[in-house]
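File shown: upload-v9.csv. Contents: CSV, C-alpha atoms.
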```
chain,number,residue,atom,x,y,z
A,17,MET,CA,66.2,19.8,199.2
A,18,ASN,CA,69.4,21.2,197.9
A,19,ALA,CA,70.5,24.6,199.3
A,20,PRO,CA,70.5,27.4,196.8
A,21,VAL,CA,73.9,28.0,195.2
A,22,LYS,CA,75.3,31.5,195.8
A,23,THR,CA,76.7,33.1,192.7
A,24,PRO,CA,80.3,34.2,193.3
A,25,VAL,CA,81.4,37.8,193.0
A,26,VAL,CA,84.0,38.2,190.3
A,27,ILE,CA,86.4,41.1,190.5
A,28,ALA,CA,88.2,42.6,187.5
A,29,GLN,CA,90.4,45.7,187.1
A,30,ALA,CA,88.6,48.1,184.9
A,31,ASN,CA,90.0,49.1,181.6
A,32,LEU,CA,89.3,52.9,181.9
A,33,ALA,CA,90.7,53.5,178.4
A,34,ASP,CA,87.8,51.5,176.9
A,35,ALA,CA,84.7,53.7,176.1
A,36,GLN,CA,82.3,50.8,176.5
A,37,GLU,CA,83.7,49.8,179.8
A,38,ARG,CA,83.4,53.4,181.0
A,39,ALA,CA,79.8,53.5,179.8
A,40,ARG,CA,78.9,50.3,181.7
A,41,ILE,CA,80.4,51.7,184.9
A,42,ASP,CA,78.6,55.1,184.4
A,43,SER,CA,75.3,53.3,184.0
A,44,PHE,CA,75.9,51.4,187.3
A,45,VAL,CA,76.8,54.7,189.1
A,46,LYS,CA,73.6,56.3,187.8
A,47,GLU,CA,71.5,53.3,188.8
A,48,GLN,CA,72.9,53.3,192.3
A,49,GLY,CA,72.6,57.0,192.8
A,50,GLY,CA,76.4,57.4,193.0
A,51,GLU,CA,78.4,60.5,193.2
A,52,VAL,CA,80.2,62.5,190.5
A,53,PHE,CA,83.5,61.4,192.2
A,54,GLN,CA,82.6,57.8,191.3
A,55,ARG,CA,82.3,58.4,187.6
A,56,PRO,CA,85.2,57.2,185.4
A,57,ALA,CA,85.4,60.7,183.9
A,58,TRP,CA,86.4,62.0,187.3
A,59,LEU,CA,89.2,59.5,187.6
A,60,ARG,CA,90.5,60.2,184.1
A,61,ALA,CA,90.4,64.0,184.6
A,62,VAL,CA,92.4,63.7,187.8
A,63,GLU,CA,95.0,61.6,186.0
A,64,ALA,CA,95.1,64.0,183.0
A,65,GLY,CA,95.3,67.1,185.2
A,66,THR,CA,97.7,65.9,187.9
A,67,GLY,CA,99.5,62.8,186.7
A,68,GLN,CA,98.1,60.7,189.6
A,69,ARG,CA,97.2,57.3,188.1
A,70,ALA,CA,93.6,56.2,187.8
A,71,HIS,CA,92.5,52.6,188.8
A,72,GLY,CA,89.2,50.9,189.4
A,73,PHE,CA,87.8,47.6,190.2
A,74,VAL,CA,84.5,46.2,188.9
A,75,ALA,CA,82.5,43.5,190.8
A,76,GLU,CA,80.2,41.3,188.7
A,77,GLN,CA,77.8,38.4,189.3
A,78,MET,CA,76.8,36.5,186.2
A,79,GLY,CA,78.2,39.2,184.0
A,80,VAL,CA,76.2,42.0,185.7
A,81,ILE,CA,78.0,44.8,187.6
A,82,CYS,CA,77.1,44.7,191.3
A,83,GLY,CA,79.9,46.9,192.6
A,84,TRP,CA,82.5,49.5,191.6
A,85,LEU,CA,85.5,51.0,193.4
A,86,PRO,CA,87.2,54.1,191.8
A,87,LEU,CA,90.8,54.6,193.0
A,88,THR,CA,93.5,57.2,192.4
A,89,GLU,CA,97.1,56.2,193.1
A,90,VAL,CA,98.6,59.2,194.8
A,91,ARG,CA,102.3,59.5,195.0
A,92,SER,CA,104.0,62.5,196.6
A,93,ALA,CA,107.6,63.1,197.8
A,94,LEU,CA,106.2,65.2,200.6
A,95,PHE,CA,103.1,63.3,201.7
A,96,GLY,CA,103.8,59.7,200.8
A,97,SER,CA,101.7,57.4,198.8
A,98,ALA,CA,98.1,56.3,199.1
A,99,LEU,CA,95.2,54.8,197.2
A,100,VAL,CA,92.3,57.2,197.4
A,101,SER,CA,88.7,56.8,196.5
A,102,SER,CA,88.2,59.2,195.0
A,103,GLY,CA,91.2,61.4,194.3
A,104,PHE,CA,90.6,65.2,194.8
A,105,GLY,CA,87.0,64.3,195.8
A,106,VAL,CA,85.2,64.9,199.0
A,107,GLY,CA,83.2,61.7,198.4
A,108,GLY,CA,83.5,58.5,196.5
A,109,GLY,CA,84.3,55.2,198.1
A,110,ILE,CA,82.8,51.8,197.4
A,111,LEU,CA,79.6,51.6,195.4
A,112,ALA,CA,78.1,48.2,195.8
A,113,ALA,CA,74.7,46.5,195.6
A,114,THR,CA,75.6,43.7,198.1
A,115,ASP,CA,77.8,43.2,201.2
A,116,ALA,CA,79.7,40.5,199.3
A,117,ALA,CA,80.6,43.0,196.6
A,118,THR,CA,81.8,45.5,199.2
A,119,ALA,CA,84.1,42.9,200.8
A,120,ALA,CA,85.5,41.7,197.5
A,121,LEU,CA,86.2,45.2,196.3
A,122,ALA,CA,88.0,46.1,199.6
A,123,ASN,CA,90.1,43.0,199.2
A,124,ALA,CA,91.0,44.0,195.7
A,125,ALA,CA,92.1,47.4,196.9
A,126,LEU,CA,94.3,45.7,199.5
A,127,GLY,CA,95.9,43.5,196.9
A,128,LEU,CA,96.7,46.5,194.7
A,129,ALA,CA,98.2,48.4,197.6
A,130,GLN,CA,100.4,45.5,198.6
A,131,GLU,CA,101.5,44.9,195.0
A,132,ASN,CA,102.6,48.5,194.7
A,133,SER,CA,104.0,49.0,198.2
A,134,ILE,CA,101.4,51.5,199.2
A,135,GLY,CA,100.8,51.6,202.9
A,136,THR,CA,97.5,53.5,203.1
A,137,ILE,CA,94.0,53.3,201.5
A,138,GLU,CA,91.4,56.1,202.0
A,139,LEU,CA,87.7,55.6,201.2
A,140,ARG,CA,85.7,58.8,201.2
A,141,GLY,CA,82.2,57.5,202.0
A,142,GLU,CA,80.4,54.5,203.3
A,143,PRO,CA,80.2,51.5,203.4
A,144,VAL,CA,83.2,50.9,205.7
A,145,PRO,CA,84.7,47.4,205.1
A,146,GLU,CA,85.1,45.2,208.1
A,147,GLN,CA,88.3,45.7,210.1
A,148,TRP,CA,88.9,49.1,208.5
A,149,HIS,CA,89.3,52.2,210.7
A,150,ARG,CA,86.1,54.3,210.6
A,151,VAL,CA,86.5,58.1,210.6
A,152,GLU,CA,83.4,60.1,211.8
A,153,ASP,CA,82.5,63.6,212.8
A,154,LYS,CA,85.6,65.2,211.3
A,155,HIS,CA,83.8,66.5,208.3
A,156,ALA,CA,80.2,67.4,207.4
A,157,GLY,CA,78.3,67.8,204.2
A,158,PHE,CA,75.7,70.5,203.5
A,159,VAL,CA,72.8,70.0,201.1
A,160,ALA,CA,69.5,71.9,200.9
A,161,PRO,CA,66.6,72.0,198.4
A,162,LEU,CA,66.5,74.9,195.8
A,163,ALA,CA,63.5,77.2,196.0
A,164,ASP,CA,60.9,77.6,193.2
A,165,ASP,CA,62.0,81.0,192.0
A,166,ASP,CA,64.6,83.7,192.5
A,167,GLU,CA,62.7,85.7,195.2
A,168,ALA,CA,61.8,82.5,197.1
A,169,GLN,CA,65.5,81.5,196.9
A,170,LEU,CA,66.5,84.8,198.4
A,171,LEU,CA,63.9,84.5,201.2
A,172,ALA,CA,65.1,81.0,202.0
A,173,ILE,CA,68.4,82.4,203.1
A,174,PRO,CA,68.5,83.4,206.8
A,175,ARG,CA,68.1,87.1,207.5
A,176,LYS,CA,71.7,88.1,208.2
A,177,ALA,CA,73.1,86.2,205.2
A,178,ARG,CA,70.2,87.5,203.1
A,179,ALA,CA,71.2,91.0,203.9
A,180,GLU,CA,74.7,90.4,202.6
A,181,VAL,CA,73.3,89.0,199.4
A,182,ARG,CA,71.1,92.1,198.9
A,183,LYS,CA,74.2,94.3,199.4
A,184,GLY,CA,75.9,92.3,196.7
A,185,LEU,CA,73.0,92.7,194.3
A,186,LYS,CA,73.1,96.5,194.7
A,187,ASN,CA,76.8,96.7,193.9
A,188,ASN,CA,76.4,96.6,190.1
A,189,LEU,CA,78.7,93.7,189.7
A,190,ASP,CA,78.9,91.7,186.4
A,191,VAL,CA,78.4,87.9,186.4
A,192,ARG,CA,79.6,85.6,183.6
A,193,ILE,CA,79.0,81.9,183.3
A,194,GLY,CA,80.9,79.9,180.8
A,195,ARG,CA,83.5,77.2,180.0
A,196,SER,CA,85.9,79.0,177.7
A,197,ALA,CA,89.7,79.5,178.1
A,198,GLU,CA,88.9,83.0,179.3
A,199,ASP,CA,86.6,81.7,182.0
A,200,LEU,CA,89.3,79.2,183.2
A,201,ALA,CA,91.9,82.0,183.3
A,202,ALA,CA,89.6,84.3,185.3
A,203,HIS,CA,88.7,81.4,187.7
A,204,TYR,CA,92.4,80.4,188.2
A,205,ALA,CA,93.4,84.0,188.9
A,206,VAL,CA,90.8,84.3,191.6
A,207,TYR,CA,91.1,80.8,193.0
A,208,SER,CA,94.9,80.8,193.2
A,209,GLU,CA,95.0,84.1,195.1
A,210,SER,CA,92.1,82.9,197.4
A,211,VAL,CA,93.9,79.7,198.5
A,212,ARG,CA,97.2,81.5,198.9
A,213,ASN,CA,95.5,83.9,201.3
A,214,LEU,CA,94.3,80.9,203.2
A,215,GLY,CA,97.9,79.4,203.3
A,216,THR,CA,97.1,76.5,201.0
A,217,PRO,CA,99.0,75.5,197.8
A,218,VAL,CA,96.9,75.8,194.7
A,219,PHE,CA,96.0,72.8,192.5
A,220,PRO,CA,97.4,72.8,188.9
A,221,LYS,CA,95.4,74.7,186.4
A,222,SER,CA,95.5,71.6,184.3
A,223,LEU,CA,93.2,69.9,186.8
A,224,PHE,CA,90.5,72.4,186.2
A,225,THR,CA,91.0,72.3,182.5
A,226,ALA,CA,90.7,68.5,182.5
A,227,MET,CA,87.5,68.6,184.6
A,228,ILE,CA,85.8,71.1,182.3
A,229,ASP,CA,86.8,68.9,179.3
A,230,ALA,CA,85.7,65.7,181.1
A,231,PHE,CA,82.2,67.1,181.9
A,232,PRO,CA,81.2,69.1,178.8
A,233,GLU,CA,77.5,69.1,179.8
A,234,THR,CA,77.7,69.1,183.5
A,235,ALA,CA,80.3,71.6,184.6
A,236,ASP,CA,80.8,75.3,184.3
A,237,ILE,CA,82.4,78.4,185.8
A,238,LEU,CA,80.6,81.4,187.3
A,239,THR,CA,82.7,84.5,187.8
A,240,VAL,CA,81.8,87.8,189.4
A,241,PHE,CA,83.6,90.9,188.1
A,242,ALA,CA,84.1,94.4,189.5
A,243,ASP,CA,85.2,97.1,187.1
A,244,GLY,CA,86.2,94.4,184.6
A,245,GLU,CA,88.4,92.4,187.1
A,246,PRO,CA,87.4,89.0,188.4
A,247,ILE,CA,87.0,89.0,192.2
A,248,SER,CA,85.0,85.8,192.9
A,249,SER,CA,84.7,82.6,190.9
A,250,VAL,CA,83.5,79.0,191.3
A,251,LEU,CA,83.8,75.9,189.2
A,252,SER,CA,80.7,73.8,189.7
A,253,PHE,CA,79.4,70.3,188.8
A,254,TYR,CA,75.8,69.3,188.1
A,255,HIS,CA,75.0,65.7,189.0
A,256,ASN,CA,72.0,63.7,189.9
A,257,GLY,CA,69.8,66.8,190.4
A,258,ALA,CA,72.3,68.7,192.5
A,259,VAL,CA,74.7,71.6,191.8
A,260,MET,CA,78.0,71.4,193.7
A,261,PRO,CA,80.1,74.6,193.8
A,262,TYR,CA,83.4,72.8,194.2
A,263,TRP,CA,86.4,74.9,193.6
A,264,GLY,CA,85.6,78.5,194.5
A,265,GLY,CA,86.9,81.6,196.2
A,266,GLY,CA,87.3,85.3,196.2
A,267,VAL,CA,90.1,87.8,196.4
A,268,PHE,CA,90.3,90.4,199.3
A,269,ALA,CA,88.3,92.9,197.2
A,270,ALA,CA,85.3,90.4,197.1
A,271,ARG,CA,84.6,91.1,200.8
A,272,ASN,CA,83.6,94.7,200.4
A,273,HIS,CA,81.6,94.0,197.3
A,274,ARG,CA,79.8,91.0,198.9
A,275,ALA,CA,80.9,89.1,195.8
A,276,ASN,CA,81.0,85.7,197.3
A,277,GLU,CA,77.5,86.0,198.6
A,278,LEU,CA,76.3,87.2,195.2
A,279,MET,CA,78.1,84.3,193.6
A,280,TYR,CA,76.4,81.6,195.6
A,281,TYR,CA,73.0,83.1,195.3
A,282,THR,CA,73.4,83.6,191.5
A,283,LEU,CA,74.5,80.0,191.2
A,284,MET,CA,71.5,78.8,193.1
A,285,CYS,CA,69.2,80.6,190.6
A,286,HIS,CA,71.2,79.4,187.6
A,287,ALA,CA,71.2,75.8,188.8
A,288,ARG,CA,67.4,75.9,189.2
A,289,GLU,CA,67.1,77.1,185.5
A,290,LEU,CA,69.2,74.0,184.5
A,291,GLY,CA,66.7,71.7,186.2
A,292,MET,CA,68.6,71.1,189.5
A,293,ASP,CA,66.5,70.8,192.7
A,294,ARG,CA,69.3,70.7,195.3
A,295,PHE,CA,72.3,72.8,196.3
A,296,ASP,CA,75.2,70.7,197.6
A,297,PHE,CA,77.5,73.1,199.5
A,298,GLY,CA,80.2,70.4,199.7
A,299,ARG,CA,82.3,69.4,202.7
A,300,SER,CA,83.7,71.4,205.5
A,301,LYS,CA,85.7,70.5,208.6
A,302,THR,CA,83.6,70.4,211.7
A,303,GLY,CA,83.9,73.7,213.6
A,304,SER,CA,85.8,75.5,210.8
A,305,GLY,CA,85.0,78.9,209.4
A,306,PRO,CA,83.4,77.5,206.2
A,307,TYR,CA,81.3,75.1,208.4
A,308,SER,CA,79.9,78.2,210.2
A,309,PHE,CA,79.4,80.1,207.0
A,310,LYS,CA,77.3,77.3,205.5
A,311,LYS,CA,75.2,77.0,208.7
A,312,ASN,CA,74.6,80.7,208.6
A,313,TRP,CA,73.1,80.2,205.1
A,314,GLY,CA,70.6,77.8,206.5
A,315,PHE,CA,72.3,74.5,205.7
A,316,GLU,CA,72.2,71.8,208.2
A,317,PRO,CA,75.5,69.8,208.6
A,318,ARG,CA,75.4,66.1,207.9
A,319,PRO,CA,78.3,64.1,209.4
A,320,LEU,CA,80.4,62.3,206.8
A,321,THR,CA,81.9,58.9,207.3
A,322,TYR,CA,85.2,57.9,205.8
A,323,ALA,CA,87.4,54.8,206.1
A,324,LYS,CA,91.1,54.1,206.3
A,325,TRP,CA,93.4,51.1,206.1
A,326,SER,CA,97.1,51.2,206.9
A,327,ALA,CA,99.6,48.4,206.5
A,328,ILE,CA,101.3,47.1,209.6
A,329,GLY,CA,104.2,49.5,210.3
A,330,SER,CA,102.8,52.2,208.1
A,331,GLU,CA,101.4,55.5,209.3
A,332,ALA,CA,98.4,57.1,207.5
A,333,ARG,CA,99.4,60.2,205.6
A,334,ASP,CA,98.6,63.6,207.2
A,335,ILE,CA,97.2,66.1,204.7
A,336,ASP,CA,94.9,67.9,207.2
A,337,PRO,CA,95.7,71.6,207.0
A,338,ASN,CA,94.4,72.1,210.5
A,339,SER,CA,96.9,69.8,212.1
A,340,ASP,CA,99.7,71.1,214.3
A,341,THR,CA,102.2,69.8,211.7
A,342,TYR,CA,101.2,72.5,209.2
A,343,SER,CA,100.1,75.5,211.2
A,344,ARG,CA,103.5,77.4,210.9
A,345,LYS,CA,103.9,76.4,207.3
A,346,ILE,CA,100.4,77.8,206.5
A,347,GLU,CA,101.3,81.2,208.0
A,348,LEU,CA,104.5,81.3,206.0
A,349,TRP,CA,102.6,80.4,202.8
A,350,LYS,CA,100.2,83.3,203.2
A,351,LYS,CA,103.1,85.6,203.0
A,352,LEU,CA,104.5,84.3,199.7
A,353,PRO,CA,104.3,86.5,196.6
A,354,LEU,CA,101.4,85.2,194.4
A,355,PRO,CA,103.7,84.3,191.4
A,356,VAL,CA,105.9,82.2,193.7
A,357,ALA,CA,103.0,80.5,195.3
A,358,ASN,CA,101.5,79.7,191.8
A,359,LEU,CA,104.9,78.4,190.6
A,360,ILE,CA,105.6,75.9,193.4
A,361,GLY,CA,102.0,75.3,194.7
A,362,PRO,CA,100.8,73.0,192.0
A,363,TRP,CA,103.8,70.6,192.5
A,364,ILE,CA,102.9,70.3,196.2
A,365,ALA,CA,99.1,70.3,195.8
A,366,ARG,CA,99.1,67.4,193.3
A,367,GLY,CA,100.0,65.2,196.2
A,368,LEU,CA,97.0,66.4,198.3
A,369,ALA,CA,94.4,64.3,196.4
```
Translate the structure of the given file into structure tokens.
Amino acid sequence: MNAPVKTPVVIAQANLADAQERARIDSFVKEQGGEVFQRPAWLRAVEAGTGQRAHGFVAEQMGVICGWLPLTEVRSALFGSALVSSGFGVGGGILAATDAATAALANAALGLAQENSIGTIELRGEPVPEQWHRVEDKHAGFVAPLADDDEAQLLAIPRKARAEVRKGLKNNLDVRIGRSAEDLAAHYAVYSESVRNLGTPVFPKSLFTAMIDAFPETADILTVFADGEPISSVLSFYHNGAVMPYWGGGVFAARNHRANELMYYTLMCHARELGMDRFDFGRSKTGSGPYSFKKNWGFEPRPLTYAKWSAIGSEARDIDPNSDTYSRKIELWKKLPLPVANLIGPWIARGLA
């Protein structure tokens, strides 16, 4: 009896300018339960908003997609170059139905890196290809189910955090949810000040504009106002039944108003009304302040696994703000006047994909 013939995996570079190609990939991402970072729209928004080039490889067997690898080609004068899956995402990586597709896509990424003299590839999520460096326990994700109604949602928050939310609810703050230019302006004013206060360069405003444009049905901005001034704001994505508050923050005044607490609680209630059943609080570095904040809200950390490949003689880029390399620079950045930080920050931050 003849042995069954294995159908080979065929790899092709995706034409992300083609709407039909994007639709095919989107369908595969949906079928596989993939992440928003693996959608072609995410790659194209990153490219439009930062200039970092979008790539992608499709694996097929007998004309049917069996794997997909989204990639952002990141080039920075300060941080070097890398292929990242997925740029400006906390997840992404290879999405494959078979081990053969995983291996073939990893090899395609290696080929692209070598062709373009790129010494590092970063995959944010499993599976980890053979012979690649596995990175574990540095970051954790936080996801929890949404409650059935507003009161149940409030009661689901642990007592101390719930008390802070109740204080925010009593402060007569205004909340606005939208996608307009005014919403983007309010968000950027808050977010840029928030990250400056943390010592981090702000991303270009064009990135947020591109994301809102790329996800017309599944992204919005929630902003909390005090006396007409925005003090907390978050840009969120809605994907596969989960809301993800992704780029958010508050100015110093938000603390006394408990505006951040009100913001997240209101987003939970809003997301449930949109049909979401989970709240994805995103990624935090293990042991960090945000890590503790999310645990205090009742979210259990789930370790995230990443993968890296570096060419012989190349060092993986270091963009970890907690590393010793950046500690002094962070303290100096916190002292910059906001207009200065907003002028030079986007040029630096576009390389932090």
Under the rule of at most 10 Å, produce a per-residue listing of segment 182-285 of chain A near segment 142-164 of chain A: chain, number, name, the closest pair of atoms, and the distance in Å, as JSON lines, using only C-alpha atoms.
```
{"residue": "A:Ala258", "atom": "CA", "partner": "A:Val159", "partner_atom": "CA", "distance": 8.7}
{"residue": "A:Val259", "atom": "CA", "partner": "A:Val159", "partner_atom": "CA", "distance": 9.6}
{"residue": "A:Met260", "atom": "CA", "partner": "A:Val159", "partner_atom": "CA", "distance": 9.2}
{"residue": "A:Met284", "atom": "CA", "partner": "A:Leu162", "partner_atom": "CA", "distance": 6.9}
{"residue": "A:Cys285", "atom": "CA", "partner": "A:Leu162", "partner_atom": "CA", "distance": 8.2}
```
**Asked** Rounded to one decimal in Å, what is the spacing between atom CA of Val356 of chain A and atom CA of Thr225 of chain A?
**Response** 21.1 Å
**Message:** For a test of reading the model, state the distance in Å between atom CA of Phe104 of chain A and atom CA of Phe297 of chain A, rounded to one decimal.
**Reply:** 16.0 Å
**Prompt:** Which residue out of A:Val218, A:Leu99, A:Ala61, A:Glu198 has the minimum interatomic distance to Leu139 of chain A when all atoms listed in the file are used?
**Reply:**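 Smallest separation from Leu139 of chain A among the options: A:Leu99.
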**Request:** Considering only C-alpha atoms, return as a PyMOL selection string whatever protein or nucleic-acid residues lie within 8 Å of Val74 of chain A, sequence-local ones (same chain, fewer than 4 positions apart) excluded.
**Result:** chain A and resi 27-30+41+81-85+121
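Nearest residue to Tyr207 of chain A, choosing from A:Leu251, A:Leu290, A:Leu189, A:Ala57 and counting only C-alpha atoms: A:Leu251.
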**Message:** For a test of reading the model, state the distance in Å between atom CA of Leu94 of chain A and atom CA of Leu223 of chain A, rounded to one decimal.
**Reply:**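 So the answer is 19.5 Å.
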**Item:** Nearest to Ala323 of chain A by atom-to-atom distance, counting all atoms listed in the file, from A:Arg140, A:Arg288, A:Arg344, A:Lys46
**Value:** A:Arg140
**Request:** Excluding Leu238 of chain A and any residue of its chain fewer than 5 positions from it, enumerate the residues within 6 Å of it, using all atoms listed in the file, and give them as a PyMOL selection string.
**Result:** chain A and resi 192-193+249-250
**Asked** Using all atoms listed in the file, which residues sit within 8 Å of segment 62-69 of chain A once same-chain residues fewer than 3 positions away are excluded, as a count of residues only?
**Response** 17
**Prompt:** Pick from A:Glu37, A:Glu51, A:Asp166, A:Glu76: nearest to Gly109 of chain A, with only C-alpha atoms counted?
**Reply:**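 Residue with the minimum atom-to-atom distance to Gly109 of chain A: A:Glu51.
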Neighbour list for segment 303-308 of chain A as a PDB file with C-alpha atoms, keeping the file's coordinate frame, cut-off 12 Å, all atoms listed in the file, skip fewer than 2 positions in-chain:
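The new file out_37.pdb reads:
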```
ATOM      1  CA  ASP A 153      82.500  63.600 212.800  1.00  0.00           C
ATOM      2  CA  LYS A 154      85.600  65.200 211.300  1.00  0.00           C
ATOM      3  CA  HIS A 155      83.800  66.500 208.300  1.00  0.00           C
ATOM      4  CA  ALA A 156      80.200  67.400 207.400  1.00  0.00           C
ATOM      5  CA  GLY A 157      78.300  67.800 204.200  1.00  0.00           C
ATOM      6  CA  PHE A 158      75.700  70.500 203.500  1.00  0.00           C
ATOM      7  CA  ALA A 177      73.100  86.200 205.200  1.00  0.00           C
ATOM      8  CA  LEU A 214      94.300  80.900 203.200  1.00  0.00           C
ATOM      9  CA  GLY A 264      85.600  78.500 194.500  1.00  0.00           C
ATOM     10  CA  GLY A 265      86.900  81.600 196.200  1.00  0.00           C
ATOM     11  CA  PHE A 297      77.500  73.100 199.500  1.00  0.00           C
ATOM     12  CA  GLY A 298      80.200  70.400 199.700  1.00  0.00           C
ATOM     13  CA  ARG A 299      82.300  69.400 202.700  1.00  0.00           C
ATOM     14  CA  SER A 300      83.700  71.400 205.500  1.00  0.00           C
ATOM     15  CA  LYS A 301      85.700  70.500 208.600  1.00  0.00           C
ATOM     16  CA  LYS A 310      77.300  77.300 205.500  1.00  0.00           C
ATOM     17  CA  LYS A 311      75.200  77.000 208.700  1.00  0.00           C
ATOM     18  CA  ASN A 312      74.600  80.700 208.600  1.00  0.00           C
ATOM     19  CA  TRP A 313      73.100  80.200 205.100  1.00  0.00           C
ATOM     20  CA  GLY A 314      70.600  77.800 206.500  1.00  0.00           C
ATOM     21  CA  PHE A 315      72.300  74.500 205.700  1.00  0.00           C
ATOM     22  CA  GLU A 316      72.200  71.800 208.200  1.00  0.00           C
ATOM     23  CA  PRO A 317      75.500  69.800 208.600  1.00  0.00           C
ATOM     24  CA  ARG A 318      75.400  66.100 207.900  1.00  0.00           C
ATOM     25  CA  PRO A 319      78.300  64.100 209.400  1.00  0.00           C
ATOM     26  CA  PRO A 337      95.700  71.600 207.000  1.00  0.00           C
ATOM     27  CA  ASN A 338      94.400  72.100 210.500  1.00  0.00           C
TER      28      ASN A 338
END
```
**Message:** Counting all atoms listed in the file, which residues sit no farther than 9 Å from the position (80.9, 60.3, 191.1) in the file's frame? I'd like them as number ranges by chain.
**Reply:** A: 42, 45-46, 50-58, 86, 102, 105, 107-108, 255
**Prompt:** Could you name the residues that touch Pro24 of chain A at 9 Å or less, counting only C-alpha atoms, but leaving out those on the same chain fewer than 2 positions away, as a list in words?
**Reply:**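 The filter keeps Lys22, Val26, Glu76, Gln77, Met78 and Ala116 of chain A.
Among the candidates A:Asn276, A:Thr216, A:Ser248, A:Thr341, the one nearest to Asn358 of chain A when counting all atoms listed in the file is A:Thr216.
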**Message:** Taking all atoms listed in the file into account, name the residue in A:Ser101, A:Gly194, A:Ala168, A:Ala35 that is nearest to Ile137 of chain A.
**Reply:** A:Ser101
